[in-house]
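As stored in entry-v3.json (JSON, C-alpha atoms):
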```json
[["chain", "number", "residue", "atom", "x", "y", "z"],
["A", 16, "MET", "CA", 167.94, -11.77, 158.75],
["A", 17, "ALA", "CA", 170.22, -14.57, 157.59],
["A", 18, "ASN", "CA", 171.77, -16.70, 160.32],
["A", 19, "PRO", "CA", 175.56, -16.53, 160.34],
["A", 20, "LEU", "CA", 177.32, -19.34, 158.51],
["A", 21, "PRO", "CA", 178.90, -21.93, 160.79],
["A", 22, "ASN", "CA", 182.35, -20.81, 159.57],
["A", 23, "GLU", "CA", 181.57, -17.11, 159.17],
["A", 24, "GLN", "CA", 184.08, -15.90, 161.76],
["A", 25, "GLU", "CA", 186.79, -17.97, 160.08],
["A", 26, "ILE", "CA", 185.91, -16.36, 156.75],
["A", 27, "TYR", "CA", 186.24, -12.85, 158.24],
["A", 28, "LYS", "CA", 189.55, -13.86, 159.79],
["A", 29, "LYS", "CA", 190.81, -15.19, 156.45],
["A", 30, "ILE", "CA", 189.70, -11.99, 154.63],
["A", 31, "LYS", "CA", 191.60, -9.89, 157.17],
["A", 32, "GLU", "CA", 194.71, -12.03, 157.37],
["A", 33, "GLU", "CA", 195.06, -12.59, 153.63],
["A", 34, "ASN", "CA", 193.98, -9.04, 152.79],
["A", 35, "LEU", "CA", 191.34, -10.29, 150.34],
["A", 36, "THR", "CA", 189.79, -7.38, 148.49],
["A", 37, "ILE", "CA", 187.12, -6.65, 145.91],
["A", 38, "HIS", "CA", 187.96, -4.45, 142.94],
["A", 39, "PRO", "CA", 186.78, -0.83, 143.54],
["A", 40, "LEU", "CA", 184.73, -0.88, 140.31],
["A", 41, "ILE", "CA", 182.81, -3.89, 141.56],
["A", 42, "TRP", "CA", 182.24, -2.12, 144.90],
["A", 43, "GLN", "CA", 180.98, 0.91, 142.98],
["A", 44, "LEU", "CA", 178.36, -1.23, 141.24],
["A", 45, "ILE", "CA", 177.35, -2.98, 144.46],
["A", 46, "GLU", "CA", 176.99, 0.28, 146.35],
["A", 47, "HIS", "CA", 175.04, 1.95, 143.55],
["A", 48, "HIS", "CA", 172.57, -0.86, 142.92],
["A", 49, "VAL", "CA", 172.19, -2.56, 146.29],
["A", 50, "ASN", "CA", 172.37, 0.52, 148.55],
["A", 51, "ASN", "CA", 169.95, 2.53, 146.41],
["A", 52, "ASP", "CA", 167.35, -0.24, 146.35],
["A", 53, "ILE", "CA", 167.70, -0.98, 150.07],
["A", 54, "HIS", "CA", 167.36, 2.74, 150.75],
["A", 55, "THR", "CA", 164.13, 2.87, 148.75],
["A", 56, "ILE", "CA", 162.76, -0.19, 150.55],
["A", 57, "ASN", "CA", 163.65, 1.43, 153.91],
["A", 58, "LEU", "CA", 161.74, 4.56, 152.91],
["A", 59, "ILE", "CA", 158.65, 2.67, 151.73],
["A", 60, "ILE", "CA", 158.47, 0.42, 154.79],
["A", 61, "GLY", "CA", 159.63, 3.09, 157.25],
["A", 62, "ALA", "CA", 157.07, 5.64, 156.09],
["A", 63, "THR", "CA", 154.34, 2.98, 156.31],
["A", 64, "VAL", "CA", 155.35, 1.90, 159.83],
["A", 65, "LEU", "CA", 155.49, 5.52, 161.02],
["A", 66, "ASP", "CA", 152.03, 5.99, 159.57],
["A", 67, "GLY", "CA", 150.74, 3.03, 161.59],
["A", 68, "LYS", "CA", 148.85, 1.76, 158.57],
["A", 69, "PRO", "CA", 149.13, -1.60, 156.78],
["A", 70, "LEU", "CA", 151.29, -1.74, 153.66],
["A", 71, "SER", "CA", 149.14, -1.18, 150.59],
["A", 72, "GLU", "CA", 149.24, -3.64, 147.70],
["A", 73, "GLU", "CA", 150.71, -0.93, 145.48],
["A", 74, "ASN", "CA", 153.58, -0.28, 147.90],
["A", 75, "ALA", "CA", 154.12, -4.00, 148.50],
["A", 76, "LYS", "CA", 154.61, -4.37, 144.74],
["A", 77, "LYS", "CA", 157.16, -1.54, 144.81],
["A", 78, "VAL", "CA", 159.10, -3.35, 147.55],
["A", 79, "LEU", "CA", 159.02, -6.55, 145.48],
["A", 80, "ASN", "CA", 160.28, -4.64, 142.42],
["A", 81, "HIS", "CA", 163.21, -3.18, 144.35],
["A", 82, "SER", "CA", 164.03, -6.61, 145.87],
["A", 83, "LYS", "CA", 163.94, -8.13, 142.39],
["A", 84, "ALA", "CA", 166.24, -5.38, 141.11],
["A", 85, "ILE", "CA", 168.80, -6.36, 143.78],
["A", 86, "LYS", "CA", 168.50, -10.03, 142.85],
["A", 87, "ASP", "CA", 168.82, -9.32, 139.11],
["A", 88, "PHE", "CA", 171.89, -7.18, 139.71],
["A", 89, "LEU", "CA", 173.53, -9.83, 141.94],
["A", 90, "ASP", "CA", 172.78, -12.53, 139.35],
["A", 91, "LYS", "CA", 174.39, -10.40, 136.64],
["A", 92, "LEU", "CA", 177.43, -9.68, 138.78],
["A", 93, "TRP", "CA", 177.75, -13.33, 139.77],
["A", 94, "LYS", "CA", 177.72, -14.42, 136.13],
["A", 95, "LEU", "CA", 180.31, -11.80, 135.16],
["A", 96, "THR", "CA", 182.64, -12.63, 138.01],
["A", 97, "ASN", "CA", 182.27, -16.41, 137.79],
["A", 98, "PRO", "CA", 183.11, -17.08, 134.13],
["A", 99, "ARG", "CA", 182.51, -20.84, 134.22],
["A", 100, "PRO", "CA", 181.08, -22.59, 131.13],
["A", 101, "GLU", "CA", 177.76, -23.29, 132.87],
["A", 102, "ASN", "CA", 177.27, -19.57, 133.47],
["A", 103, "VAL", "CA", 177.80, -18.49, 129.90],
["B", 28, "MET", "CA", 159.23, 31.44, 164.63],
["B", 29, "PHE", "CA", 158.25, 30.60, 161.04],
["B", 30, "SER", "CA", 154.91, 31.92, 159.91],
["B", 31, "LYS", "CA", 155.12, 29.87, 156.70],
["B", 32, "LYS", "CA", 155.88, 26.19, 156.22],
["B", 33, "LEU", "CA", 159.52, 25.22, 155.80],
["B", 34, "LYS", "CA", 160.27, 24.27, 152.21],
["B", 35, "LEU", "CA", 162.21, 21.12, 151.44],
["B", 36, "LEU", "CA", 163.54, 20.09, 148.04],
["B", 37, "VAL", "CA", 164.41, 16.45, 147.34],
["B", 38, "VAL", "CA", 166.68, 15.74, 144.38],
["B", 39, "ASP", "CA", 166.91, 12.08, 143.35],
["B", 40, "ASP", "CA", 166.59, 10.30, 139.99],
["B", 41, "GLU", "CA", 164.65, 7.47, 141.66],
["B", 42, "LYS", "CA", 160.93, 8.31, 141.56],
["B", 43, "ASP", "CA", 160.03, 6.13, 144.54],
["B", 44, "ILE", "CA", 162.60, 7.89, 146.72],
["B", 45, "CYS", "CA", 161.14, 11.30, 145.79],
["B", 46, "SER", "CA", 157.58, 10.09, 146.44],
["B", 47, "PHE", "CA", 158.26, 8.62, 149.86],
["B", 48, "VAL", "CA", 160.47, 11.47, 151.07],
["B", 49, "LYS", "CA", 157.65, 13.83, 150.02],
["B", 50, "LEU", "CA", 155.10, 11.74, 151.92],
["B", 51, "LEU", "CA", 157.32, 11.53, 154.99],
["B", 52, "PHE", "CA", 158.01, 15.25, 155.31],
["B", 53, "ARG", "CA", 154.61, 16.55, 154.18],
["B", 54, "LYS", "CA", 153.19, 14.72, 157.18],
["B", 55, "ARG", "CA", 155.70, 16.59, 159.31],
["B", 56, "GLY", "CA", 154.45, 19.95, 158.13],
["B", 57, "PHE", "CA", 156.88, 20.76, 155.32],
["B", 58, "SER", "CA", 156.11, 21.95, 151.82],
["B", 59, "VAL", "CA", 158.00, 19.36, 149.81],
["B", 60, "PHE", "CA", 159.11, 19.61, 146.18],
["B", 61, "SER", "CA", 161.10, 17.14, 144.12],
["B", 62, "ALA", "CA", 163.36, 17.01, 141.10],
["B", 63, "LEU", "CA", 164.56, 14.00, 139.12],
["B", 64, "THR", "CA", 167.41, 15.77, 137.29],
["B", 65, "GLY", "CA", 170.04, 18.36, 138.11],
["B", 66, "ARG", "CA", 168.56, 20.97, 135.79],
["B", 67, "GLN", "CA", 165.11, 20.47, 137.23],
["B", 68, "ALA", "CA", 166.59, 20.79, 140.72],
["B", 69, "ILE", "CA", 168.20, 24.15, 139.99],
["B", 70, "SER", "CA", 165.16, 25.63, 138.28],
["B", 71, "THR", "CA", 162.89, 24.40, 141.10],
["B", 72, "ALA", "CA", 165.27, 25.78, 143.74],
["B", 73, "LYS", "CA", 165.31, 29.19, 142.01],
["B", 74, "LYS", "CA", 161.53, 29.21, 141.96],
["B", 75, "ILE", "CA", 160.69, 27.92, 145.45],
["B", 76, "ARG", "CA", 163.84, 28.95, 147.39],
["B", 77, "PRO", "CA", 163.95, 25.91, 149.73],
["B", 78, "HIS", "CA", 165.15, 26.11, 153.33],
["B", 79, "ILE", "CA", 166.53, 22.56, 153.11],
["B", 80, "ALA", "CA", 167.63, 20.43, 150.13],
["B", 81, "LEU", "CA", 168.25, 16.68, 150.15],
["B", 82, "ILE", "CA", 170.50, 16.00, 147.16],
["B", 83, "ASP", "CA", 171.65, 12.72, 145.59],
["B", 84, "ILE", "CA", 175.04, 12.96, 143.84],
["B", 85, "HIS", "CA", 174.58, 10.50, 140.99],
["B", 86, "LEU", "CA", 171.72, 11.70, 138.82],
["B", 87, "LYS", "CA", 170.79, 10.07, 135.52],
["B", 88, "LYS", "CA", 171.03, 12.99, 133.14],
["B", 89, "GLY", "CA", 173.28, 16.04, 132.81],
["B", 90, "ILE", "CA", 174.71, 17.75, 135.86],
["B", 91, "ASP", "CA", 175.38, 15.83, 139.04],
["B", 92, "GLY", "CA", 174.32, 16.52, 142.61],
["B", 93, "LEU", "CA", 177.59, 18.22, 143.58],
["B", 94, "GLU", "CA", 177.08, 20.76, 140.79],
["B", 95, "VAL", "CA", 173.47, 21.20, 141.95],
["B", 96, "LEU", "CA", 174.81, 21.85, 145.45],
["B", 97, "ARG", "CA", 177.38, 24.37, 144.14],
["B", 98, "GLN", "CA", 174.79, 26.28, 142.13],
["B", 99, "ILE", "CA", 172.16, 26.30, 144.89],
["B", 100, "LYS", "CA", 174.72, 27.67, 147.38],
["B", 101, "GLU", "CA", 175.59, 30.37, 144.85],
["B", 102, "PHE", "CA", 172.11, 31.90, 144.75],
["B", 103, "LEU", "CA", 170.74, 30.60, 148.05],
["B", 104, "LEU", "CA", 173.52, 30.68, 150.62],
["B", 105, "GLY", "CA", 171.16, 30.04, 153.53],
["B", 106, "CYS", "CA", 169.77, 26.78, 152.13],
["B", 107, "ARG", "CA", 170.86, 23.84, 154.29],
["B", 108, "CYS", "CA", 171.99, 21.17, 151.84],
["B", 109, "ILE", "CA", 172.22, 17.52, 152.82],
["B", 110, "ILE", "CA", 173.84, 15.00, 150.49],
["B", 111, "VAL", "CA", 172.13, 11.57, 150.41],
["B", 112, "THR", "CA", 174.11, 9.14, 148.27],
["B", 113, "TRP", "CA", 175.50, 5.61, 148.07],
["B", 114, "ASP", "CA", 178.88, 7.09, 147.21],
["B", 115, "SER", "CA", 181.25, 7.19, 150.17],
["B", 116, "ALA", "CA", 184.36, 8.20, 148.19],
["B", 117, "LYS", "CA", 186.54, 10.52, 150.26],
["B", 118, "GLU", "CA", 187.02, 13.05, 147.45],
["B", 119, "LYS", "CA", 183.23, 13.38, 147.06],
["B", 120, "ILE", "CA", 182.82, 13.97, 150.81],
["B", 121, "ARG", "CA", 185.68, 16.51, 150.77],
["B", 122, "LYS", "CA", 184.19, 18.37, 147.80],
["B", 123, "ALA", "CA", 180.69, 18.40, 149.30],
["B", 124, "LYS", "CA", 182.05, 19.79, 152.57],
["B", 125, "SER", "CA", 184.01, 22.47, 150.74],
["B", 126, "LEU", "CA", 180.76, 23.48, 149.02],
["B", 127, "GLY", "CA", 179.05, 23.97, 152.37],
["B", 128, "VAL", "CA", 177.01, 20.81, 152.88],
["B", 129, "VAL", "CA", 175.61, 20.42, 156.41],
["B", 130, "SER", "CA", 175.50, 16.59, 156.36],
["B", 131, "TYR", "CA", 176.79, 13.86, 154.07],
["B", 132, "LEU", "CA", 174.68, 10.74, 154.46],
["B", 133, "THR", "CA", 175.32, 7.39, 152.79],
["B", 134, "LYS", "CA", 172.53, 5.16, 151.56],
["B", 135, "PRO", "CA", 170.93, 3.01, 152.77],
["B", 136, "LEU", "CA", 169.57, 5.19, 155.54],
["B", 137, "THR", "CA", 166.93, 4.46, 158.09],
["B", 138, "ILE", "CA", 163.96, 6.81, 158.29],
["B", 139, "LYS", "CA", 165.20, 7.90, 161.72],
["B", 140, "GLN", "CA", 168.61, 8.92, 160.35],
["B", 141, "LEU", "CA", 166.94, 10.96, 157.62],
["B", 142, "ILE", "CA", 164.51, 12.68, 160.00],
["B", 143, "ASP", "CA", 167.28, 13.34, 162.57],
["B", 144, "SER", "CA", 169.44, 14.96, 159.93],
["B", 145, "VAL", "CA", 166.62, 17.23, 158.73],
["B", 146, "ASN", "CA", 165.83, 18.08, 162.38],
["B", 147, "ARG", "CA", 169.45, 19.14, 162.89],
["B", 148, "ALA", "CA", 169.16, 21.40, 159.85],
["B", 149, "ILE", "CA", 165.95, 22.92, 161.26],
["B", 150, "LYS", "CA", 167.66, 23.60, 164.60],
["B", 151, "ASP", "CA", 170.48, 25.31, 162.72],
["B", 152, "ILE", "CA", 167.99, 27.45, 160.77],
["B", 153, "ARG", "CA", 166.26, 28.44, 164.00],
["B", 154, "LYS", "CA", 169.57, 29.24, 165.65],
["B", 155, "ARG", "CA", 171.20, 31.16, 162.83],
["B", 156, "GLY", "CA", 168.20, 32.28, 160.86],
["B", 157, "THR", "CA", 167.49, 31.78, 157.22],
["B", 158, "ALA", "CA", 168.93, 33.65, 154.31],
["B", 159, "ASN", "CA", 166.62, 32.35, 151.63],
["B", 160, "GLY", "CA", 164.52, 35.48, 151.49]]
```

Structure re-expressed in structure tokens:
Amino acid sequence: MANPLPNEQEIYKKIKEENLTIHPLIWQLIEHHVNNDIHTINLIIGATVLDGKPLSEENAKKVLNHSKAIKDFLDKLWKLTNPRPENV
Amino acid sequence: MFSKKLKLLVVDDEKDICSFVKLLFRKRGFSVFSALTGRQAISTAKKIRPHIALIDIHLKKGIDGLEVLRQIKEFLLGCRCIIVTWDSAKEKIRKAKSLGVVSYLTKPLTIKQLIDSVNRAIKDIRKRGTANG
């Protein structure tokens, strides 16, 4: 997992104190895309681990596809919510 | 107590989710069926009369998972329905509960959470019996 940022606690504090929020529609997209793909990855890996067998190439590709789907979605969202000239 | 295998229906528009839930529960002795759409879910439920249904709310085409839940409970009152969705909106949870859902789970789930929830439904079936004929 990612190590916490050096200033991560300060960021959380700032979010809480300044009541920084994300628009519910953006949350809806994040939950739909990211949570669904993570859920699928959990099922693929979890079922494999419970089975005690190595991950097959076919299932490894499925995991990569779902990871890529998360990345593609985050890229799209980043571009839409950061309307700077270099992103257009 | 059950001479036949317990039947589980998984309703999700994501093929990989259906495949891996099938794999997971077949290995645990269930007969597992899946549906990618709401209509398919209802016709499959009428045909197989599942003991347990895992239902996603947001389905690609036509009727959604809450309507699937409502219809299944109409003709199969004893079916233990579990909602598995990314959607944690309070009104969805309230509606699902009013329709008789036994658990409302939000994605992403771990395998353990999913298995535990199905195990709770099995215990409930064993305790109260099944009304799925």

Quick one: what's the axis-aligned box for segment 33-51 of chain B, all listed atoms, 4 Å on every side, centre and edges in Å to one decimal, as lines of an AutoDock Vina configuration file?
```
center_x = 161.0
center_y = 15.7
center_z = 147.9
size_x = 19.8
size_y = 27.1
size_z = 23.8
```

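Using all atoms listed in the file, one finds that the residues of chain A close to chain B, at 8 Å or less, are Gln43, Glu46, His47, Asn50, Asn51, Ile53, His54, Thr55, Asn57, Leu58, Ile59, Gly61 and Ala62 of chain A.
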
Compile the contact shell of Cys108 of chain B as a PyMOL selection string: residues with an atom at most 12 Å away, counting only C-alpha atoms, same-chain residues fewer than 4 positions apart removed. chain B and resi 35-38+72+77-84+92-93+95-100+103-104+123-124+126-132+144-145+147-149+151-152

Atom CA of Leu33 of chain B and atom CA of Gln67 of chain B are how many Å apart? 20.0 Å

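Going from atom CA of Asp66 of chain A to atom CA of Val49 of chain A covers 25.6 Å.
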
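For the residues B:Arg121, B:Val111, B:Asp143, B:Lys31, ranking by smallest atom-to-atom distance to Gly56 of chain B using only C-alpha atoms places B:Lys31 first.
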
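Among B:Lys49, B:Phe102, B:Lys32, B:Lys122, the residue with the shortest atom-to-atom distance to Lys74 of chain B, counting only C-alpha atoms, is B:Phe102.
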